[in-house]
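Student: Just passing along the structure, written as structure tokens.
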Amino acid sequence: MTLTEKIIAEHAGRASVRPGENVWIRVDVLMTHDVCGPGTIGIFKNQFGPDAKVWDPFKVAVIPDHYIFTKDRHAMRNLEILRAFAKEQKLPYLYDANSPWYKGVCHVALAEEGFTIPGQTLFGTDSHTCTAGAFGEFATGIGNTDAAFIMGTGRIWVKVPETLRFILEGALPEFVTAKDVILRIIGDIGADGATYRAMEFEGDGIRAMDMEERMTLCNMAIEAGGKNGIIAADEKTVAFVKARTDKAFTTPASDPDAAFAGTVKYRARDLEPVVAKPFSPANVAPARSLKDVKLDQCYIGSCTGGKLEDLKAAAAVLAGGQVRTRTVVVPATVSVEHALSIEQIRGRTLKRIFEDAGAKIGPPSCAACLGGPPDTFGRLNGSEVCLSTTNRNFPGRMGSPDSQTYLASPLTVAASALKGRITDPRDVL
Amino acid sequence: MSLIRGKAFVLGNDVDTDQIIPAQHLVYNLDDPQERKLYGQFALSGVPIHQSGLPNGNLPFVEPGNDLSCFSIVVGGRNFGCGSSREHAPVALQMAGVQVVIAESYARIFYRNAVDGGYFIPYECRVSLPQEIRTNEDLEIDTGANLLRDLSTKKEYPLSPLGDVSAIVAAGGIFEYAKKHNMLGR
Ligand code: SF4
């Protein structure tokens, strides 16, 4: 069996499963946030009754992150609904907005708080829940109804996906990052190239990546239609997870004779910085071929590109330079924001570097990654053109319906900020 | 077995959930009947206007100020519903009065949400219907025979059987299905 099949079989109480089968499985963690939590809670109460209790309060993580720093009254009301529910259900893991426990972007927060554990199953009311596959677990996004079902029963049905395998041979060249790898893969297989399939990443190029790069890779599996992205745990995974939880876990891996639906190999040295053009993450071109694209904004943030390593990479490029277009930085979480004042490059903190370069830092949340209410930090207006470290560039995704978003790595976005046009980072450094 | 009739609203490939319901509208309470209606009002409001109502485009799915559409069958191409897991997307289509969506293929979370929430029937059709069907044509779906009839052109198209999920669709969603099979007792 493949890694994904093994985890599903184990959680279905079965010796083995085959792709295409529908099975009911146990859920180890359920995550929800402010956009989908209230709807989930509504369905839960409707279906299980007003006095129903969640199946296991210790397995529910409530992480508001989408619409936090806004005056929108509906958004504020949604935060209130989460608060009331967590209180009523005595949920220990509400990372409430405007509280000392506030974290920020849910997928990064899950990892920081030790909810991402090899061999487990994680379901979340957010399509990028697949990010957690970086830790060698089965993690996928669901809607409110499925989440409400899990809240009441701790179980859910899944159709066992086939696994597509992507092998990265060799370590990545300088200035080429996990974001470039996943954009290249999505460009090659298309926005529906992995529909209802698991995307498993392996090879020495993957093992050379740190956990945050692996998260970036798995984060965008959904952009190819994937059910989940997954990377078998190794010593780096184990060290990361053990530092954040004392829960026991196993580290399954695909069998040597596992049946894959297909295998695609990439030689790391053939890869280069790429950009996804509007309006699809699969619309990929080399960064160098887009030198003529003038930018109104550079955006560095989100679960894909707002982690500490992402911001370090961007700061290293911006250090000493001046941005030539509006540049905004949104740390994914409070911990990342905090680290900006501590981590240094050549004696200057990352915060200082961003500010000296003329970039504006916003408070940790999803911010303009998905547009949001009109008062959202970094939201695009009119027909603005943005180069962003986020994961989606659908029409209107970052705000105005007439805006255009290009997607790239933090290095490429930072290099482009210095020029005011799309720029390959190899051409600035 | 039943017949479902309605007017077609035709879209292209890769209709993502930000087009189905733009993120700024995700704040309305799904459990409040008045606020829930707003999802109908803004259904498909993120579709670029030249692609809204093919082949001619430039047709809003819901007339401004209304919360119901006069189109109850949405026809799409490949990868319909890609993007976010927001269940507000199938809810928005349902609230606008959609009974059936027919696409060449679906993104799976959207498909699953439609089925498990029982919002409408998501059919697949191997034929690329956006090349065949024009917005405003009268369609009829024979759910027993898995057949789509274009009453305006008199053409027929086979729909893929719902397969594994047909029991959940028939029950009206995952909760109804689970109740029928006594799965909610713990
Ligand atoms: S940062 Fe963007 S992609 Fe990530 S969870 Fe938030 S809205 Fe979704």
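Starting from 1 in every chain, residues are counted up; chains themselves are A, B, ... following the order of the structure tokens, and ligands are numbered from 1 as listed.
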Taking only segment 127-344 of chain A into account, list the residues labelled strand (DSSP E) by DSSP (computed from the backbone), as a PyMOL selection string.
Tutor: chain A and resi 138-141+155-159+162-169+197-202+228-230+262-267+274-276+284-286+297-301+326-330+344
Student: Dump the neighbourhood of ligand 1 as a PyMOL selection string: all residues within 8 Å, distances computed on only C-alpha atoms and all ligand atoms.
Tutor: (chain A and resi 65-66+105-107+126-128+301-304+332+365-370+390-392) or (chain B and resi 84)
Student: Leaving out segment 181-196 of chain A and any residue of its chain fewer than 5 positions from it, which residues lie within 7 Å of it when counting only C-alpha atoms, given as a VMD selection string?
Tutor: (chain A and resid 161 217 220 223 to 227 276 281 to 284) or (chain B and resid 79 107 to 108)
Student: What residues in chain B have any atom no more than 9 Å from chain A when counting only C-alpha atoms, and can you write them as a PyMOL selection string?
Tutor: chain B and resi 14+16+18-19+22-31+46-48+78-79+82-88+105-110+112-113+116-117+164+173-175+183-186
Student: Store the residues picked out above, limited to C-alpha atoms, as a JSON list (two decimals), in the first residue's frame.
Tutor:
```json
[["chain", "number", "residue", "atom", "x", "y", "z"],
["B", 14, "ASP", "CA", -12.39, 25.95, -13.95],
["B", 16, "ASP", "CA", -13.70, 28.29, -8.90],
["B", 18, "ASP", "CA", -14.32, 32.55, -5.49],
["B", 19, "GLN", "CA", -16.39, 32.99, -8.66],
["B", 22, "PRO", "CA", -16.66, 35.89, -3.66],
["B", 23, "ALA", "CA", -14.90, 35.78, -0.30],
["B", 24, "GLN", "CA", -16.14, 39.15, 0.93],
["B", 25, "HIS", "CA", -19.64, 37.66, 1.19],
["B", 26, "LEU", "CA", -18.61, 34.69, 3.35],
["B", 27, "VAL", "CA", -19.49, 36.62, 6.50],
["B", 28, "TYR", "CA", -23.27, 36.11, 6.37],
["B", 29, "ASN", "CA", -24.74, 33.65, 8.84],
["B", 30, "LEU", "CA", -25.83, 30.45, 7.13],
["B", 31, "ASP", "CA", -28.23, 29.73, 9.98],
["B", 46, "GLY", "CA", -17.58, 36.53, -9.17],
["B", 47, "VAL", "CA", -17.72, 35.05, -12.66],
["B", 48, "PRO", "CA", -16.00, 37.44, -15.08],
["B", 78, "ARG", "CA", -14.04, 20.85, -16.53],
["B", 79, "ASN", "CA", -12.97, 21.17, -12.89],
["B", 82, "CYS", "CA", -12.18, 24.17, -7.83],
["B", 83, "GLY", "CA", -10.53, 26.09, -5.02],
["B", 84, "SER", "CA", -11.75, 26.56, -1.51],
["B", 85, "SER", "CA", -13.70, 24.14, 0.67],
["B", 86, "ARG", "CA", -16.33, 26.79, 1.46],
["B", 87, "GLU", "CA", -19.70, 25.11, 1.67],
["B", 88, "HIS", "CA", -21.12, 28.58, 1.08],
["B", 105, "SER", "CA", -15.76, 17.11, -14.11],
["B", 106, "TYR", "CA", -15.71, 18.52, -10.57],
["B", 107, "ALA", "CA", -13.17, 19.51, -7.99],
["B", 108, "ARG", "CA", -13.78, 16.96, -5.30],
["B", 109, "ILE", "CA", -14.40, 19.05, -2.20],
["B", 110, "PHE", "CA", -17.13, 21.01, -3.99],
["B", 112, "ARG", "CA", -18.58, 16.20, -1.91],
["B", 113, "ASN", "CA", -20.11, 19.26, -0.25],
["B", 116, "ASP", "CA", -23.17, 15.49, 1.64],
["B", 117, "GLY", "CA", -25.14, 18.70, 2.15],
["B", 164, "ASP", "CA", -21.34, 5.27, -4.95],
["B", 173, "GLY", "CA", -27.41, 14.34, 2.32],
["B", 174, "ILE", "CA", -25.04, 12.59, 4.67],
["B", 175, "PHE", "CA", -27.08, 13.17, 7.83],
["B", 183, "MET", "CA", -25.14, 5.49, 12.15],
["B", 184, "LEU", "CA", -25.64, 8.45, 14.46],
["B", 185, "GLY", "CA", -26.07, 6.46, 17.69],
["B", 186, "ARG", "CA", -22.80, 6.25, 19.52]]
```
Student: Which residues are near Pro252 of chain A? Cut-off 8 Å, only C-alpha atoms, ignore same chain within fewer than 4 positions. Put them as a list in words.
Tutor: Leu3, Lys6, Ile7, Pro118, Gly119, Gly136, Ala232 and Ala233 of chain A
Student: For a test of reading the model, state the distance in Å between atom CA of Ile73 of chain B and atom CA of Gln99 of chain B, rounded to one decimal.
Tutor: 6.1 Å
Student: A:Gly203, A:Tyr266, A:Leu387, A:Ala97: which is nearest Thr70 of chain A, counting only C-alpha atoms?
Tutor: A:Ala97
Student: Ranking A:Ile68, A:Ile345, A:Ala132, A:Val329 by minimum distance to Glu212 of chain A and counting only C-alpha atoms, which one comes first?
Tutor: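 Nearest to Glu212 of chain A: A:Ala132.
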Student: Which parts of segment 82-144 of chain B does DSSP call alpha helix (DSSP H) when run on the backbone here, written out as a PDB file with N, CA, C and O atoms, in the first residue's frame?
Tutor:
```
ATOM      1  N   HIS B  88     -20.290  27.461   1.519  1.00  0.00           N
ATOM      2  CA  HIS B  88     -21.121  28.579   1.080  1.00  0.00           C
ATOM      3  C   HIS B  88     -21.333  28.518  -0.437  1.00  0.00           C
ATOM      4  O   HIS B  88     -22.307  29.073  -0.938  1.00  0.00           O
ATOM      5  N   ALA B  89     -20.432  27.857  -1.171  1.00  0.00           N
ATOM      6  CA  ALA B  89     -20.549  27.816  -2.634  1.00  0.00           C
ATOM      7  C   ALA B  89     -21.756  26.983  -3.070  1.00  0.00           C
ATOM      8  O   ALA B  89     -22.635  27.494  -3.769  1.00  0.00           O
ATOM      9  N   PRO B  90     -21.830  25.695  -2.678  1.00  0.00           N
ATOM     10  CA  PRO B  90     -23.052  24.971  -3.056  1.00  0.00           C
ATOM     11  C   PRO B  90     -24.305  25.574  -2.418  1.00  0.00           C
ATOM     12  O   PRO B  90     -25.372  25.566  -3.045  1.00  0.00           O
ATOM     13  N   VAL B  91     -24.185  26.132  -1.209  1.00  0.00           N
ATOM     14  CA  VAL B  91     -25.356  26.766  -0.586  1.00  0.00           C
ATOM     15  C   VAL B  91     -25.836  27.938  -1.447  1.00  0.00           C
ATOM     16  O   VAL B  91     -27.033  28.113  -1.673  1.00  0.00           O
ATOM     17  N   ALA B  92     -24.888  28.739  -1.950  1.00  0.00           N
ATOM     18  CA  ALA B  92     -25.259  29.905  -2.756  1.00  0.00           C
ATOM     19  C   ALA B  92     -26.047  29.465  -3.990  1.00  0.00           C
ATOM     20  O   ALA B  92     -27.066  30.068  -4.337  1.00  0.00           O
ATOM     21  N   LEU B  93     -25.579  28.388  -4.642  1.00  0.00           N
ATOM     22  CA  LEU B  93     -26.297  27.912  -5.826  1.00  0.00           C
ATOM     23  C   LEU B  93     -27.689  27.430  -5.432  1.00  0.00           C
ATOM     24  O   LEU B  93     -28.686  27.754  -6.086  1.00  0.00           O
ATOM     25  N   GLN B  94     -27.760  26.691  -4.334  1.00  0.00           N
ATOM     26  CA  GLN B  94     -29.069  26.210  -3.887  1.00  0.00           C
ATOM     27  C   GLN B  94     -30.002  27.375  -3.567  1.00  0.00           C
ATOM     28  O   GLN B  94     -31.165  27.389  -3.983  1.00  0.00           O
ATOM     29  N   MET B  95     -29.479  28.371  -2.842  1.00  0.00           N
ATOM     30  CA  MET B  95     -30.327  29.489  -2.441  1.00  0.00           C
ATOM     31  C   MET B  95     -30.801  30.287  -3.652  1.00  0.00           C
ATOM     32  O   MET B  95     -31.844  30.923  -3.609  1.00  0.00           O
ATOM     33  N   ARG B 108     -13.110  17.928  -6.160  1.00  0.00           N
ATOM     34  CA  ARG B 108     -13.779  16.958  -5.296  1.00  0.00           C
ATOM     35  C   ARG B 108     -14.404  17.539  -4.043  1.00  0.00           C
ATOM     36  O   ARG B 108     -15.416  17.051  -3.575  1.00  0.00           O
ATOM     37  N   ILE B 109     -13.809  18.554  -3.455  1.00  0.00           N
ATOM     38  CA  ILE B 109     -14.402  19.055  -2.200  1.00  0.00           C
ATOM     39  C   ILE B 109     -15.768  19.659  -2.504  1.00  0.00           C
ATOM     40  O   ILE B 109     -16.740  19.431  -1.787  1.00  0.00           O
ATOM     41  N   PHE B 110     -15.857  20.409  -3.599  1.00  0.00           N
ATOM     42  CA  PHE B 110     -17.132  21.006  -3.993  1.00  0.00           C
ATOM     43  C   PHE B 110     -18.168  19.911  -4.249  1.00  0.00           C
ATOM     44  O   PHE B 110     -19.310  19.988  -3.788  1.00  0.00           O
ATOM     45  N   TYR B 111     -17.751  18.892  -4.965  1.00  0.00           N
ATOM     46  CA  TYR B 111     -18.649  17.787  -5.317  1.00  0.00           C
ATOM     47  C   TYR B 111     -19.177  17.119  -4.043  1.00  0.00           C
ATOM     48  O   TYR B 111     -20.360  16.894  -3.862  1.00  0.00           O
ATOM     49  N   ARG B 112     -18.234  16.862  -3.158  1.00  0.00           N
ATOM     50  CA  ARG B 112     -18.578  16.196  -1.914  1.00  0.00           C
ATOM     51  C   ARG B 112     -19.510  17.059  -1.061  1.00  0.00           C
ATOM     52  O   ARG B 112     -20.469  16.560  -0.456  1.00  0.00           O
ATOM     53  N   ASN B 113     -19.241  18.358  -1.013  1.00  0.00           N
ATOM     54  CA  ASN B 113     -20.106  19.258  -0.251  1.00  0.00           C
ATOM     55  C   ASN B 113     -21.522  19.261  -0.821  1.00  0.00           C
ATOM     56  O   ASN B 113     -22.497  19.280  -0.067  1.00  0.00           O
ATOM     57  N   ALA B 114     -21.621  19.254  -2.153  1.00  0.00           N
ATOM     58  CA  ALA B 114     -22.943  19.265  -2.788  1.00  0.00           C
ATOM     59  C   ALA B 114     -23.710  18.008  -2.408  1.00  0.00           C
ATOM     60  O   ALA B 114     -24.891  18.057  -2.079  1.00  0.00           O
ATOM     61  N   VAL B 115     -23.005  16.869  -2.424  1.00  0.00           N
ATOM     62  CA  VAL B 115     -23.644  15.588  -2.131  1.00  0.00           C
ATOM     63  C   VAL B 115     -23.973  15.477  -0.642  1.00  0.00           C
ATOM     64  O   VAL B 115     -25.109  15.201  -0.255  1.00  0.00           O
ATOM     65  N   ASP B 116     -22.975  15.716   0.205  1.00  0.00           N
ATOM     66  CA  ASP B 116     -23.172  15.487   1.639  1.00  0.00           C
ATOM     67  C   ASP B 116     -24.147  16.504   2.239  1.00  0.00           C
ATOM     68  O   ASP B 116     -24.847  16.214   3.202  1.00  0.00           O
ATOM     69  N   GLY B 117     -24.189  17.705   1.666  1.00  0.00           N
ATOM     70  CA  GLY B 117     -25.140  18.701   2.153  1.00  0.00           C
ATOM     71  C   GLY B 117     -26.510  18.571   1.496  1.00  0.00           C
ATOM     72  O   GLY B 117     -27.467  19.188   1.951  1.00  0.00           O
TER      73      GLY B 117
END
```
Student: Dump as CSV the rows for residues of segment 42-148 of chain B within 7 Å of segment 154-158 of chain B: closest atom pair and distance in Å with one decimal, only C-alpha atoms counted, ordered by chain and rising residue number.
Tutor:
```
residue,atom,partner,partner_atom,distance
B:Cys125,CA,B:Pro158,CA,6.7
B:Asn146,CA,B:Pro158,CA,6.2
B:Leu147,CA,B:Pro158,CA,4.7
B:Leu148,CA,B:Tyr157,CA,5.0
```
Student: With N, CA, C and O atoms kept, could you save the residues just selected as a PDB file, in the first residue's frame?
Tutor:
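This is the output file out39.pdb:
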```pdb
ATOM      1  N   CYS B 125     -21.118  14.783 -17.084  1.00  0.00           N
ATOM      2  CA  CYS B 125     -21.454  14.392 -18.453  1.00  0.00           C
ATOM      3  C   CYS B 125     -20.153  14.387 -19.240  1.00  0.00           C
ATOM      4  O   CYS B 125     -19.400  15.362 -19.204  1.00  0.00           O
ATOM      5  N   ASN B 146     -30.772   8.631 -16.276  1.00  0.00           N
ATOM      6  CA  ASN B 146     -29.505   9.358 -16.391  1.00  0.00           C
ATOM      7  C   ASN B 146     -29.359   9.997 -17.761  1.00  0.00           C
ATOM      8  O   ASN B 146     -28.365   9.805 -18.466  1.00  0.00           O
ATOM      9  N   LEU B 147     -30.355  10.779 -18.108  1.00  0.00           N
ATOM     10  CA  LEU B 147     -30.387  11.365 -19.436  1.00  0.00           C
ATOM     11  C   LEU B 147     -30.706  12.850 -19.348  1.00  0.00           C
ATOM     12  O   LEU B 147     -31.550  13.267 -18.561  1.00  0.00           O
ATOM     13  N   LEU B 148     -30.000  13.613 -20.177  1.00  0.00           N
ATOM     14  CA  LEU B 148     -30.282  15.049 -20.282  1.00  0.00           C
ATOM     15  C   LEU B 148     -30.896  15.314 -21.652  1.00  0.00           C
ATOM     16  O   LEU B 148     -30.368  14.866 -22.665  1.00  0.00           O
TER      17      LEU B 148
END
```
Student: Report as an MDAnalysis selection string all protein, DNA and RNA residues lying within 12 Å of segment 54-65 of chain B, evaluated on only C-alpha atoms, omitting residues in the same chain fewer than 6 positions from it.
Tutor: chainID B and resid 7:13 19:21 37:48 71:77 92:93 95:98 129:137
Student: Those selected residues, please, written with N, CA and C atoms and delivered as a short mmCIF file (atom, residue, chain, number, x, y, z; two decimals), in the first residue's frame.
Tutor:
```
data_model
loop_
_atom_site.label_atom_id
_atom_site.label_comp_id
_atom_site.auth_asym_id
_atom_site.auth_seq_id
_atom_site.Cartn_x
_atom_site.Cartn_y
_atom_site.Cartn_z
N LYS B 7 -34.26 26.11 -16.88
CA LYS B 7 -33.50 26.84 -17.90
C LYS B 7 -32.00 26.72 -17.62
N ALA B 8 -31.23 26.63 -18.70
CA ALA B 8 -29.78 26.42 -18.57
C ALA B 8 -29.04 27.74 -18.38
N PHE B 9 -28.06 27.72 -17.48
CA PHE B 9 -27.11 28.83 -17.39
C PHE B 9 -25.74 28.22 -17.64
N VAL B 10 -25.05 28.66 -18.68
CA VAL B 10 -23.85 27.96 -19.14
C VAL B 10 -22.58 28.74 -18.77
N LEU B 11 -21.61 28.01 -18.22
CA LEU B 11 -20.32 28.59 -17.82
C LEU B 11 -19.20 27.77 -18.47
N GLY B 12 -17.95 28.22 -18.29
CA GLY B 12 -16.83 27.54 -18.92
C GLY B 12 -16.10 26.56 -18.00
N ASN B 13 -14.82 26.39 -18.23
CA ASN B 13 -13.98 25.50 -17.41
C ASN B 13 -13.50 26.22 -16.16
N GLN B 19 -15.43 32.50 -7.67
CA GLN B 19 -16.39 32.99 -8.66
C GLN B 19 -17.82 32.65 -8.23
N ILE B 20 -17.97 31.47 -7.63
CA ILE B 20 -19.31 31.04 -7.23
C ILE B 20 -19.83 31.93 -6.09
N ILE B 21 -18.96 32.22 -5.12
CA ILE B 21 -19.33 33.17 -4.08
C ILE B 21 -18.07 33.90 -3.59
N LYS B 37 -30.34 34.10 2.58
CA LYS B 37 -30.83 34.51 1.26
C LYS B 37 -29.79 35.32 0.49
N LEU B 38 -28.93 36.04 1.23
CA LEU B 38 -27.92 36.87 0.56
C LEU B 38 -26.98 36.01 -0.28
N TYR B 39 -26.80 34.75 0.15
CA TYR B 39 -25.94 33.87 -0.64
C TYR B 39 -26.54 33.64 -2.03
N GLY B 40 -27.89 33.55 -2.09
CA GLY B 40 -28.55 33.43 -3.39
C GLY B 40 -28.31 34.69 -4.22
N GLN B 41 -28.44 35.82 -3.57
CA GLN B 41 -28.27 37.10 -4.26
C GLN B 41 -26.90 37.22 -4.92
N PHE B 42 -25.86 36.70 -4.25
CA PHE B 42 -24.50 36.88 -4.77
C PHE B 42 -23.95 35.64 -5.47
N ALA B 43 -24.80 34.62 -5.70
CA ALA B 43 -24.34 33.39 -6.35
C ALA B 43 -23.78 33.70 -7.74
N LEU B 44 -22.63 33.16 -8.03
CA LEU B 44 -21.94 33.31 -9.32
C LEU B 44 -21.63 34.77 -9.66
N SER B 45 -21.62 35.64 -8.63
CA SER B 45 -21.35 37.06 -8.90
C SER B 45 -19.87 37.32 -9.15
N GLY B 46 -19.01 36.33 -8.91
CA GLY B 46 -17.58 36.53 -9.17
C GLY B 46 -17.16 36.04 -10.54
N VAL B 47 -18.08 35.51 -11.31
CA VAL B 47 -17.72 35.05 -12.66
C VAL B 47 -17.43 36.27 -13.53
N PRO B 48 -16.27 36.31 -14.20
CA PRO B 48 -16.00 37.44 -15.08
C PRO B 48 -17.17 37.61 -16.05
N PHE B 71 -32.59 30.78 -13.65
CA PHE B 71 -31.95 29.58 -14.20
C PHE B 71 -31.80 28.54 -13.08
N SER B 72 -32.31 27.35 -13.28
CA SER B 72 -32.21 26.36 -12.21
C SER B 72 -31.27 25.21 -12.55
N ILE B 73 -30.71 25.23 -13.77
CA ILE B 73 -29.73 24.19 -14.14
C ILE B 73 -28.45 24.88 -14.61
N VAL B 74 -27.37 24.64 -13.89
CA VAL B 74 -26.09 25.25 -14.26
C VAL B 74 -25.27 24.23 -15.03
N VAL B 75 -24.74 24.66 -16.17
CA VAL B 75 -23.95 23.78 -17.02
C VAL B 75 -22.52 24.31 -17.03
N GLY B 76 -21.57 23.44 -16.73
CA GLY B 76 -20.18 23.88 -16.69
C GLY B 76 -19.27 22.93 -17.44
N GLY B 77 -18.00 23.31 -17.54
CA GLY B 77 -17.02 22.48 -18.22
C GLY B 77 -16.23 21.63 -17.24
N ALA B 92 -24.89 28.74 -1.95
CA ALA B 92 -25.26 29.90 -2.76
C ALA B 92 -26.05 29.46 -3.99
N LEU B 93 -25.58 28.39 -4.64
CA LEU B 93 -26.30 27.91 -5.83
C LEU B 93 -27.69 27.43 -5.43
N MET B 95 -29.48 28.37 -2.84
CA MET B 95 -30.33 29.49 -2.44
C MET B 95 -30.80 30.29 -3.65
N ALA B 96 -30.01 30.25 -4.74
CA ALA B 96 -30.43 30.95 -5.96
C ALA B 96 -31.43 30.13 -6.75
N GLY B 97 -31.71 28.91 -6.28
CA GLY B 97 -32.72 28.08 -6.92
C GLY B 97 -32.20 26.99 -7.83
N VAL B 98 -30.88 26.73 -7.76
CA VAL B 98 -30.31 25.69 -8.62
C VAL B 98 -30.72 24.30 -8.12
N LEU B 129 -20.51 20.01 -22.54
CA LEU B 129 -21.81 20.64 -22.80
C LEU B 129 -21.73 22.13 -23.13
N PRO B 130 -20.74 22.88 -22.58
CA PRO B 130 -20.70 24.30 -22.95
C PRO B 130 -20.55 24.54 -24.45
N GLN B 131 -20.04 23.52 -25.19
CA GLN B 131 -20.00 23.67 -26.66
C GLN B 131 -21.38 23.42 -27.27
N GLU B 132 -22.25 22.73 -26.52
CA GLU B 132 -23.49 22.23 -27.10
C GLU B 132 -24.71 23.06 -26.68
N ILE B 133 -24.70 23.46 -25.43
CA ILE B 133 -25.91 24.05 -24.86
C ILE B 133 -25.72 25.56 -24.71
N ARG B 134 -26.79 26.31 -24.98
CA ARG B 134 -26.74 27.76 -24.87
C ARG B 134 -27.57 28.20 -23.67
N THR B 135 -27.09 29.22 -23.01
CA THR B 135 -27.83 29.77 -21.89
C THR B 135 -29.25 30.10 -22.31
N ASN B 136 -30.18 29.81 -21.41
CA ASN B 136 -31.60 30.11 -21.64
C ASN B 136 -32.36 28.98 -22.33
N GLU B 137 -31.64 27.94 -22.81
CA GLU B 137 -32.37 26.82 -23.41
C GLU B 137 -33.08 26.04 -22.32
#
```
